[in-house]
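**Q** Data: protein.cif, mmCIF, C-alpha atoms and all ligand atoms.
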data_protein
loop_
_atom_site.label_atom_id
_atom_site.label_comp_id
_atom_site.auth_asym_id
_atom_site.auth_seq_id
_atom_site.Cartn_x
_atom_site.Cartn_y
_atom_site.Cartn_z
CA MET A 1 -139.43 140.98 -90.29
CA THR A 2 -139.97 139.89 -93.92
CA VAL A 3 -138.15 137.15 -95.77
CA ALA A 4 -136.41 139.84 -97.84
CA ASP A 5 -135.22 141.60 -94.66
CA ASP A 6 -133.81 138.33 -93.36
CA ALA A 7 -131.95 137.74 -96.64
CA GLY A 8 -130.60 141.29 -96.61
CA PHE A 9 -129.19 140.95 -93.09
CA MET A 10 -127.72 137.54 -93.89
CA ALA A 11 -126.07 139.01 -97.01
CA GLY A 12 -124.56 141.60 -94.66
CA ALA A 13 -123.28 138.84 -92.38
CA LEU A 14 -121.70 137.11 -95.39
CA ARG A 15 -119.94 140.37 -96.33
CA LEU A 16 -118.60 140.64 -92.78
CA ALA A 17 -117.34 137.04 -92.93
CA ARG A 18 -115.26 138.05 -95.96
CA ASN A 19 -113.29 140.47 -93.75
CA GLY A 20 -111.54 137.36 -92.48
CA PHE A 21 -111.09 135.78 -95.90
CA TYR A 22 -107.28 135.78 -95.81
CA THR A 23 -106.70 135.41 -92.07
CA THR A 24 -109.00 132.91 -90.29
CA ASP A 25 -107.32 129.75 -91.53
CA PRO A 26 -107.62 126.96 -90.35
CA ASN A 27 -110.89 128.26 -88.91
CA PRO A 28 -113.86 129.06 -91.15
CA ARG A 29 -114.79 132.60 -92.21
CA VAL A 30 -117.86 133.64 -90.22
CA GLY A 31 -119.89 136.85 -89.94
CA CYS A 32 -122.68 137.92 -87.57
CA VAL A 33 -125.18 140.80 -87.49
CA LEU A 34 -127.32 141.64 -84.44
CA VAL A 35 -130.64 143.28 -85.32
CA LYS A 36 -133.55 144.67 -83.29
CA ASP A 37 -136.66 146.42 -84.62
CA GLY A 38 -135.16 146.36 -88.11
CA GLN A 39 -132.02 148.25 -86.95
CA ILE A 40 -128.50 146.86 -86.92
CA LEU A 41 -127.16 146.94 -83.36
CA ALA A 42 -123.70 145.46 -83.99
CA GLU A 43 -121.64 143.61 -86.59
CA GLY A 44 -118.97 141.04 -85.93
CA TRP A 45 -116.68 138.63 -87.71
CA HIS A 46 -114.04 136.05 -86.98
CA ALA A 47 -110.61 137.50 -87.76
CA GLN A 48 -108.14 134.84 -86.67
CA ALA A 49 -108.00 131.42 -85.00
CA GLY A 50 -107.69 131.92 -81.26
CA ARG A 51 -109.50 135.25 -81.37
CA ALA A 52 -113.22 135.93 -80.77
CA HIS A 53 -115.74 134.08 -82.91
CA ALA A 54 -118.09 136.25 -84.98
CA GLU A 55 -121.01 136.12 -82.52
CA VAL A 56 -118.85 137.04 -79.52
CA ASP A 57 -117.20 139.80 -81.54
CA ALA A 58 -120.64 141.25 -82.39
CA LEU A 59 -121.88 141.00 -78.77
CA ALA A 60 -118.70 142.74 -77.58
CA LYS A 61 -119.40 145.64 -79.93
CA LEU A 62 -122.82 146.39 -78.42
CA ALA A 63 -122.93 149.76 -76.71
CA ASP A 64 -124.80 148.03 -73.88
CA ARG A 65 -125.09 144.26 -73.43
CA THR A 66 -128.79 144.46 -72.48
CA GLN A 67 -129.54 145.63 -76.05
CA ALA A 68 -129.20 141.98 -77.14
CA ARG A 69 -132.37 140.99 -75.24
CA GLY A 70 -134.98 139.94 -77.78
CA ALA A 71 -132.68 140.75 -80.72
CA THR A 72 -132.14 138.57 -83.81
CA ALA A 73 -128.67 137.23 -84.61
CA TYR A 74 -127.85 136.49 -88.26
CA VAL A 75 -124.87 134.13 -88.42
CA THR A 76 -123.26 132.59 -91.51
CA LEU A 77 -122.31 129.38 -89.65
CA GLU A 78 -124.02 127.49 -86.86
CA PRO A 79 -122.87 128.96 -83.52
CA CYS A 80 -120.41 126.56 -81.93
CA SER A 81 -121.25 124.43 -78.91
CA HIS A 82 -117.76 123.25 -77.96
CA HIS A 83 -114.96 124.60 -75.81
CA GLY A 84 -112.11 125.12 -78.29
CA ARG A 85 -109.65 127.97 -78.28
CA THR A 86 -112.70 130.06 -77.23
CA GLY A 87 -115.96 129.34 -75.34
CA PRO A 88 -119.19 128.15 -77.02
CA CYS A 89 -120.97 130.88 -79.03
CA CYS A 90 -124.41 129.29 -78.53
CA ASP A 91 -124.01 129.83 -74.76
CA ALA A 92 -122.99 133.46 -75.34
CA LEU A 93 -126.13 134.07 -77.44
CA ILE A 94 -128.37 132.31 -74.89
CA GLU A 95 -126.87 134.29 -72.00
CA ALA A 96 -127.27 137.56 -73.91
CA GLY A 97 -131.02 136.84 -74.20
CA VAL A 98 -131.20 136.81 -78.02
CA GLY A 99 -134.74 135.89 -79.12
CA ARG A 100 -134.12 134.59 -82.61
CA VAL A 101 -131.11 133.14 -84.45
CA VAL A 102 -130.99 132.85 -88.25
CA VAL A 103 -128.17 130.60 -89.46
CA ALA A 104 -126.96 130.07 -93.04
CA MET A 105 -125.51 126.57 -92.61
CA GLN A 106 -124.84 123.90 -90.05
CA ASP A 107 -121.22 123.61 -88.85
CA PRO A 108 -119.69 120.47 -90.47
CA ASN A 109 -117.20 120.23 -87.58
CA PRO A 110 -118.18 116.96 -85.82
CA LEU A 111 -117.61 118.74 -82.49
CA VAL A 112 -120.57 121.00 -83.35
CA ALA A 113 -122.69 119.49 -86.20
CA GLY A 114 -126.18 120.50 -85.05
CA LYS A 115 -125.47 120.59 -81.30
CA GLY A 116 -125.29 124.40 -81.30
CA LEU A 117 -128.68 124.68 -83.03
CA ARG A 118 -130.25 122.18 -80.65
CA LYS A 119 -128.90 123.85 -77.52
CA MET A 120 -130.31 127.22 -78.58
CA ARG A 121 -133.70 125.68 -79.44
CA ASP A 122 -133.74 123.93 -76.06
CA ALA A 123 -133.15 127.32 -74.46
CA GLY A 124 -136.33 128.61 -76.13
CA ILE A 125 -134.71 130.60 -78.95
CA ASP A 126 -136.47 130.67 -82.34
CA VAL A 127 -133.76 129.06 -84.54
CA SER A 128 -133.77 128.57 -88.31
CA CYS A 129 -131.02 127.25 -90.56
CA GLY A 130 -130.44 127.30 -94.34
CA LEU A 131 -130.83 130.95 -95.41
CA LEU A 132 -128.31 131.73 -98.23
CA GLN A 133 -126.71 128.36 -97.52
CA ALA A 134 -125.06 128.04 -100.96
CA GLU A 135 -123.37 131.42 -100.53
CA ALA A 136 -122.18 130.47 -97.05
CA GLU A 137 -120.80 127.15 -98.31
CA GLN A 138 -118.90 128.95 -101.06
CA LEU A 139 -117.01 130.95 -98.42
CA ASN A 140 -115.59 127.89 -96.69
CA ARG A 141 -115.17 125.21 -99.34
CA GLY A 142 -111.87 124.05 -97.84
CA PHE A 143 -113.03 123.93 -94.23
CA ILE A 144 -116.20 122.05 -95.23
CA LYS A 145 -114.38 119.52 -97.40
CA ARG A 146 -111.76 118.84 -94.73
CA MET A 147 -114.39 118.34 -92.04
CA LEU A 148 -116.58 116.07 -94.15
CA THR A 149 -113.97 114.01 -96.03
CA GLY A 150 -110.60 114.34 -94.28
CA LEU A 151 -109.11 115.79 -97.47
CA PRO A 152 -108.29 119.40 -98.39
CA PHE A 153 -110.07 121.33 -101.16
CA ALA A 154 -107.42 121.38 -103.90
CA ARG A 155 -106.91 123.58 -106.92
CA SER A 156 -104.15 123.21 -109.44
CA LYS A 157 -102.98 126.24 -111.37
CA LEU A 158 -101.78 125.74 -114.91
CA ALA A 159 -100.56 128.32 -117.42
CA MET A 160 -100.25 127.62 -121.10
CA SER A 161 -99.79 129.17 -124.50
CA LEU A 162 -102.56 129.10 -127.08
CA ASP A 163 -101.06 125.86 -128.38
CA GLY A 164 -101.16 124.17 -124.97
CA ARG A 165 -97.49 124.54 -123.99
CA THR A 166 -96.19 125.40 -120.53
CA ALA A 167 -92.45 125.74 -121.11
CA LEU A 168 -89.88 125.70 -123.86
CA ALA A 169 -88.01 122.45 -124.52
CA ASN A 170 -85.10 123.88 -122.46
CA GLY A 171 -87.44 124.34 -119.48
CA GLU A 172 -87.76 128.13 -119.71
CA SER A 173 -91.28 129.15 -118.65
CA ARG A 174 -90.96 132.75 -117.41
CA TRP A 175 -93.27 134.23 -118.47
CA ILE A 176 -96.02 132.87 -120.67
CA THR A 177 -98.89 134.77 -119.06
CA SER A 178 -99.24 138.48 -118.31
CA GLU A 179 -98.43 140.36 -115.13
CA GLN A 180 -102.17 140.68 -114.44
CA ALA A 181 -102.59 136.89 -114.56
CA ARG A 182 -99.64 136.47 -112.23
CA ARG A 183 -101.15 138.98 -109.78
CA ASP A 184 -104.40 137.01 -109.91
CA VAL A 185 -102.39 133.93 -108.90
CA GLN A 186 -100.98 135.78 -105.87
CA ASN A 187 -104.54 136.34 -104.60
CA PHE A 188 -105.30 132.61 -104.90
CA ARG A 189 -102.06 131.81 -103.07
CA ALA A 190 -103.09 134.26 -100.32
CA GLU A 191 -106.43 132.52 -99.70
CA SER A 192 -104.87 129.05 -99.55
CA SER A 193 -103.61 127.13 -96.52
CA ALA A 194 -100.75 125.55 -98.46
CA ILE A 195 -98.96 125.93 -101.77
CA VAL A 196 -97.91 122.56 -103.10
CA THR A 197 -95.25 121.91 -105.69
CA GLY A 198 -93.04 119.08 -106.90
CA ILE A 199 -89.31 118.75 -106.37
CA ASP A 200 -88.67 119.16 -110.12
CA THR A 201 -90.13 122.67 -109.96
CA VAL A 202 -87.97 123.51 -106.93
CA LEU A 203 -84.84 122.26 -108.71
CA ALA A 204 -85.69 124.08 -111.95
CA ASP A 205 -87.03 127.42 -110.64
CA ASP A 206 -86.00 127.77 -106.97
CA PRO A 207 -89.41 129.37 -106.26
CA SER A 208 -90.39 131.44 -103.19
CA LEU A 209 -93.95 130.01 -102.96
CA ASN A 210 -95.31 132.80 -100.79
CA ALA A 211 -98.25 135.16 -101.27
CA ARG A 212 -96.97 138.53 -102.43
CA VAL A 213 -99.98 140.80 -101.84
CA ASP A 214 -100.41 144.23 -100.25
CA PHE A 215 -102.94 143.19 -97.60
CA ALA A 216 -102.70 141.17 -94.37
CA VAL A 217 -102.69 137.39 -94.90
CA LYS A 218 -101.91 134.26 -92.99
CA GLN A 219 -99.06 133.05 -95.21
CA PRO A 220 -99.65 129.59 -96.67
CA VAL A 221 -97.37 126.72 -95.77
CA ARG A 222 -95.02 125.70 -98.61
CA VAL A 223 -95.22 121.99 -99.37
CA VAL A 224 -92.72 120.17 -101.58
CA LEU A 225 -93.54 116.64 -102.74
CA ASP A 226 -90.09 115.10 -102.91
CA SER A 227 -90.14 111.30 -103.34
CA ASN A 228 -86.34 110.84 -103.23
CA LEU A 229 -85.36 113.70 -100.90
CA ARG A 230 -83.59 115.79 -103.50
CA MET A 231 -84.59 119.06 -101.76
CA PRO A 232 -81.49 121.34 -101.74
CA LEU A 233 -80.49 122.56 -98.28
CA ASN A 234 -79.91 126.00 -99.80
CA ALA A 235 -83.32 126.31 -101.55
CA LYS A 236 -84.46 129.93 -101.53
CA MET A 237 -87.75 129.12 -99.78
CA LEU A 238 -85.81 127.88 -96.73
CA GLN A 239 -84.34 131.37 -96.23
CA LEU A 240 -87.79 133.03 -96.30
CA PRO A 241 -90.15 133.56 -93.37
CA GLY A 242 -92.90 130.94 -93.00
CA GLU A 243 -92.96 127.17 -92.97
CA THR A 244 -91.68 124.69 -95.53
CA TRP A 245 -92.81 121.09 -95.37
CA VAL A 246 -91.23 118.28 -97.39
CA ILE A 247 -93.31 115.16 -97.97
CA THR A 248 -91.26 112.17 -98.99
CA CYS A 249 -91.40 108.39 -99.19
CA HIS A 250 -87.61 108.03 -98.95
CA ASP A 251 -86.53 106.49 -95.66
CA ASP A 252 -83.20 108.29 -95.26
CA PRO A 253 -82.95 109.50 -91.64
CA ASP A 254 -79.68 111.41 -92.26
CA LYS A 255 -81.04 113.50 -95.11
CA GLN A 256 -84.30 114.00 -93.23
CA LEU A 257 -82.33 115.28 -90.25
CA ARG A 258 -80.27 117.66 -92.39
CA LEU A 259 -83.45 119.06 -93.89
CA ARG A 260 -84.95 119.50 -90.43
CA ASP A 261 -81.78 121.33 -89.36
CA ALA A 262 -82.25 123.59 -92.38
CA GLY A 263 -85.71 124.54 -91.05
CA CYS A 264 -88.01 122.11 -92.91
CA ARG A 265 -90.65 119.89 -91.45
CA VAL A 266 -90.22 116.47 -93.04
CA TRP A 267 -93.05 113.96 -93.33
CA GLN A 268 -92.71 110.42 -94.56
CA VAL A 269 -95.66 108.74 -96.25
CA GLY A 270 -96.09 105.56 -98.26
CA ARG A 271 -94.76 104.98 -101.78
CA ARG A 272 -97.02 104.30 -104.74
CA MET A 273 -95.70 103.60 -108.21
CA GLY A 274 -92.23 104.73 -107.12
CA ARG A 275 -93.41 108.12 -105.85
CA VAL A 276 -95.03 109.74 -102.86
CA ASP A 277 -98.52 108.29 -102.40
CA LEU A 278 -100.51 111.41 -103.28
CA SER A 279 -103.63 110.32 -101.50
CA GLU A 280 -101.68 109.76 -98.26
CA ALA A 281 -99.93 113.10 -98.70
CA PHE A 282 -103.25 114.93 -99.08
CA LYS A 283 -104.75 113.12 -96.08
CA LEU A 284 -101.73 114.14 -94.06
CA LEU A 285 -102.23 117.77 -95.08
CA ALA A 286 -105.86 117.69 -93.94
CA GLN A 287 -104.82 116.10 -90.64
CA GLN A 288 -102.47 119.05 -90.22
CA GLN A 289 -105.49 121.39 -90.62
CA ILE A 290 -104.78 122.37 -94.22
CA ASN A 291 -108.18 123.39 -95.62
CA THR A 292 -107.21 124.47 -99.11
CA VAL A 293 -104.31 123.44 -101.28
CA TRP A 294 -103.02 125.53 -104.19
CA ILE A 295 -100.88 123.43 -106.52
CA GLU A 296 -98.30 125.03 -108.78
CA ALA A 297 -96.42 122.20 -110.34
CA GLY A 298 -95.07 120.83 -113.59
CA ALA A 299 -96.31 118.23 -116.05
CA ALA A 300 -95.15 115.23 -113.99
CA LEU A 301 -97.06 116.03 -110.79
CA ASN A 302 -100.10 117.36 -112.66
CA GLY A 303 -100.14 114.23 -114.82
CA ALA A 304 -99.95 112.07 -111.70
CA LEU A 305 -102.78 114.04 -110.06
CA LEU A 306 -105.11 113.84 -113.07
CA ASP A 307 -106.86 110.58 -112.30
CA THR A 308 -106.55 110.62 -108.51
CA GLY A 309 -109.71 112.64 -107.84
CA LEU A 310 -107.70 114.72 -105.35
CA VAL A 311 -107.96 117.95 -107.37
CA ASP A 312 -111.32 119.73 -107.14
CA GLU A 313 -110.59 122.52 -109.59
CA TRP A 314 -108.10 123.22 -112.34
CA LEU A 315 -107.39 126.89 -113.01
CA LEU A 316 -105.94 127.24 -116.46
CA TYR A 317 -104.52 130.58 -117.60
CA VAL A 318 -104.33 130.80 -121.38
CA ALA A 319 -101.97 133.31 -123.00
CA SER A 320 -102.45 134.37 -126.62
CA CYS A 321 -99.07 133.25 -127.90
CA ALA A 322 -97.73 130.12 -129.57
CA LEU A 323 -94.64 128.23 -128.38
CA GLY A 324 -94.52 125.52 -131.03
CA ASP A 325 -94.77 121.77 -130.83
CA GLN A 326 -91.22 121.30 -129.54
CA ALA A 327 -92.29 123.00 -126.31
CA ARG A 328 -93.60 121.07 -123.28
CA GLY A 329 -97.24 120.19 -122.65
CA LEU A 330 -99.42 120.51 -119.55
CA PHE A 331 -99.66 116.92 -118.38
CA HIS A 332 -97.29 114.01 -118.50
CA PHE A 333 -98.89 110.56 -118.78
CA SER A 334 -98.29 107.49 -120.85
CA GLN A 335 -99.29 107.66 -124.49
CA LEU A 336 -102.98 107.09 -125.15
CA GLN A 337 -103.78 104.26 -127.53
CA SER A 338 -107.21 105.44 -128.59
CA MET A 339 -109.49 108.46 -128.36
CA ALA A 340 -111.69 106.45 -126.03
CA ALA A 341 -108.93 106.91 -123.42
CA LYS A 342 -108.92 110.72 -123.60
CA LYS A 343 -109.27 112.50 -120.28
CA PRO A 344 -112.40 114.64 -120.15
CA PHE A 345 -112.79 117.90 -118.18
CA LYS A 346 -115.78 120.17 -117.65
CA PHE A 347 -115.61 123.91 -118.27
CA ASN A 348 -117.16 125.66 -115.25
CA ALA A 349 -116.22 129.29 -115.85
CA VAL A 350 -114.21 131.51 -118.13
CA ARG A 351 -112.96 135.00 -117.38
CA GLN A 352 -110.57 137.44 -118.98
CA VAL A 353 -107.63 138.51 -116.79
CA GLY A 354 -105.74 141.33 -118.50
CA PRO A 355 -104.84 140.01 -121.96
CA ASP A 356 -105.17 136.35 -120.86
CA LEU A 357 -108.07 133.99 -120.21
CA ARG A 358 -108.68 132.09 -116.99
CA LEU A 359 -110.61 128.85 -117.38
CA THR A 360 -112.01 127.05 -114.35
CA LEU A 361 -112.39 123.31 -114.94
CA SER A 362 -113.19 120.19 -113.03
CA ARG A 363 -113.13 116.54 -114.01
C1 LIG B 401 -118.65 130.00 -84.53
N1 LIG B 401 -118.32 131.26 -84.87
O1 LIG B 401 -116.93 132.75 -85.77
C2 LIG B 401 -116.33 130.48 -85.89
C3 LIG B 401 -116.73 129.15 -85.57
O2 LIG B 401 -110.65 126.72 -81.88
P1 LIG B 401 -111.85 127.59 -81.83
O3 LIG B 401 -112.40 127.80 -80.46
O4 LIG B 401 -111.60 128.93 -82.54
O5 LIG B 401 -113.00 126.84 -82.62
C4 LIG B 401 -112.88 126.62 -83.97
C5 LIG B 401 -114.12 125.91 -84.45
O6 LIG B 401 -115.26 126.71 -84.19
C6 LIG B 401 -114.12 125.69 -85.96
O7 LIG B 401 -113.56 124.45 -86.30
C7 LIG B 401 -115.61 125.75 -86.29
O8 LIG B 401 -116.24 124.52 -86.00
C8 LIG B 401 -116.10 126.79 -85.31
N2 LIG B 401 -115.96 128.11 -85.91
N3 LIG B 401 -117.90 128.95 -84.92
O9 LIG B 401 -119.66 129.80 -83.84
C9 LIG B 401 -117.20 131.56 -85.51
N4 LIG B 401 -115.17 130.73 -86.52
ZN ZN B 402 -118.10 129.96 -81.78
#
Could you spell out this file's structure in structure tokens?
Ligand code: AOF
Ligand code: ZN
**A**
Amino acid sequence: MTVADDAGFMAGALRLARNGFYTTDPNPRVGCVLVKDGQILAEGWHAQAGRAHAEVDALAKLADRTQARGATAYVTLEPCSHHGRTGPCCDALIEAGVGRVVVAMQDPNPLVAGKGLRKMRDAGIDVSCGLLQAEAEQLNRGFIKRMLTGLPFARSKLAMSLDGRTALANGESRWITSEQARRDVQNFRAESSAIVTGIDTVLADDPSLNARVDFAVKQPVRVVLDSNLRMPLNAKMLQLPGETWVITCHDDPDKQLRLRDAGCRVWQVGRRMGRVDLSEAFKLLAQQQINTVWIEAGAALNGALLDTGLVDEWLLYVASCALGDQARGLFHFSQLQSMAAKKPFKFNAVRQVGPDLRLTLSR
């Protein structure tokens, strides 16, 4: 087997992992290809938490289990070594008699973290790790960040006119960007574990905050950051299927109870500068197995998030229209006294979406 063959089969395993892109949450997306004598014997992937892991899925698809003897398994994530919702994949590969295992990246889950690789090596399997690692990491940015840091991978979506405005002075903001840009947003919602917004957006727009796409998804949890518990009991999102969580710092047991009766989960975290402590809120989300957060909020929450370091990526849709300098801007923060205080971003990518542009930035 040449190095190019190995890379080709691993690329295939990465493609298989993408079959679970919208459904494995909170588990990682994983793919597996079983190969013998240069021929693919079986392909597997992880579809949903609680269901078979990629390796077990591939082994189950073999016409005959003995085919696995001496085969090579290409796996996009280190085979697990723990008893979770399913049994350890490294044991399944050892028992099947696989001769060689090529892995793209180590599992950052502390329950695994190298133990799967070691167990297979100890069993005499030829194990290597690191092939197409960057591509494998890209597939599971949220899972990896949560496992390594205890925080979710967070993206904030912003939409603005050419002159940097997000809404008219009267608050009207529907719609600045095109239908194509808004469809693009639905795909990002669909791949996220949670959609986060601020209470001001709920009060102004009564949004649904679900992923409206024509393929199967695990619907994200809706999260409202609501410092003073102003969440209306008749908010539209509470009538929709799926979960709504309210994160507050307001210790009002009666209102919390009424919200719970209306179907919300209510979490209380600390207060910081009069509002929900954002860092505590994000830690809480990670503890609740939220890998990726998609923020769709107004200038107040985005302004508050700017300097926290909690947002990994800013996705900025730019429409080719002007709204004038009476309209509202992207970020609210106190007036800067000098250019030295300006808040720098880095441009990472730019792409046209229909008639609009989508900029990807980080700080
Ligand atoms: C693998 N192959 O396809 C996946 C793995 O609760 P469980 O049993 O589903 O275990 C989830 C953990 O297993 C997850 O946090 C990650 O460490 C690993 N995921 N491992 O060998 C797979 N999805
Ligand atoms: Zn596993």
**Q** From (-89.4, 106.7, -95.9), in the file's coordinates, out to 8 Å: which residues are reached, counting all atoms listed in the file? Answer as a PyMOL selection string.
**A** chain A and resi 248-252+268-270
**Q** Under the rule that only C-alpha atoms are counted, which of A:Asp5, A:Asp325, A:Asp312, A:Asp184 is the nearest residue to A:Leu151?
**A**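 Of all the options, A:Asp312 lies closest to A:Leu151.
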**Q** Once you count all atoms listed in the file, which residues end up within 6 Å of ligand ZN 402 (chain B), and could you hand them over as an MDAnalysis selection string?
**A** chainID A and resid 53 79:80 88:89
**Q** Considering only C-alpha atoms and all ligand atoms, state which residue in the set A:Asp277, A:Phe9, A:Gln289, A:Asp122 is at the smallest distance from ligand LIG 401 (chain B).
**A**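 Of A:Asp277, A:Phe9, A:Gln289, A:Asp122, the one nearest ligand LIG 401 (chain B), counting only C-alpha atoms and all ligand atoms, is A:Gln289.
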**Q** One decimal, in Å: what's the spacing between atom O8 of ligand LIG 401 (chain B) and atom CA of A:Val101?
**A**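 Atom O8 of ligand LIG 401 (chain B) sits 17.3 Å away from atom CA of A:Val101.
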**Q** How far is it from atom CA of A:Asn109 to atom CA of A:Val217, in Å with one decimal?
**A**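 According to the coordinates, atom CA of A:Asn109 and atom CA of A:Val217 are separated by 23.6 Å.
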**Q** So which residues are near ligand LIG 401 (chain B), meaning at most 10 Å away with only C-alpha atoms and all ligand atoms counted, given back as a VMD selection string?
**A** chain A and resid 17 20 24 to 32 44 to 58 75 to 90 92 106 to 113 116 143 to 144 147 289
**Q** Nearest residue to A:Gly150 out of A:Val3, A:Val311, A:Leu284, A:Ala194, using only C-alpha atoms?
**A**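 Counting only C-alpha atoms, the residue closest to A:Gly150 is A:Leu284.
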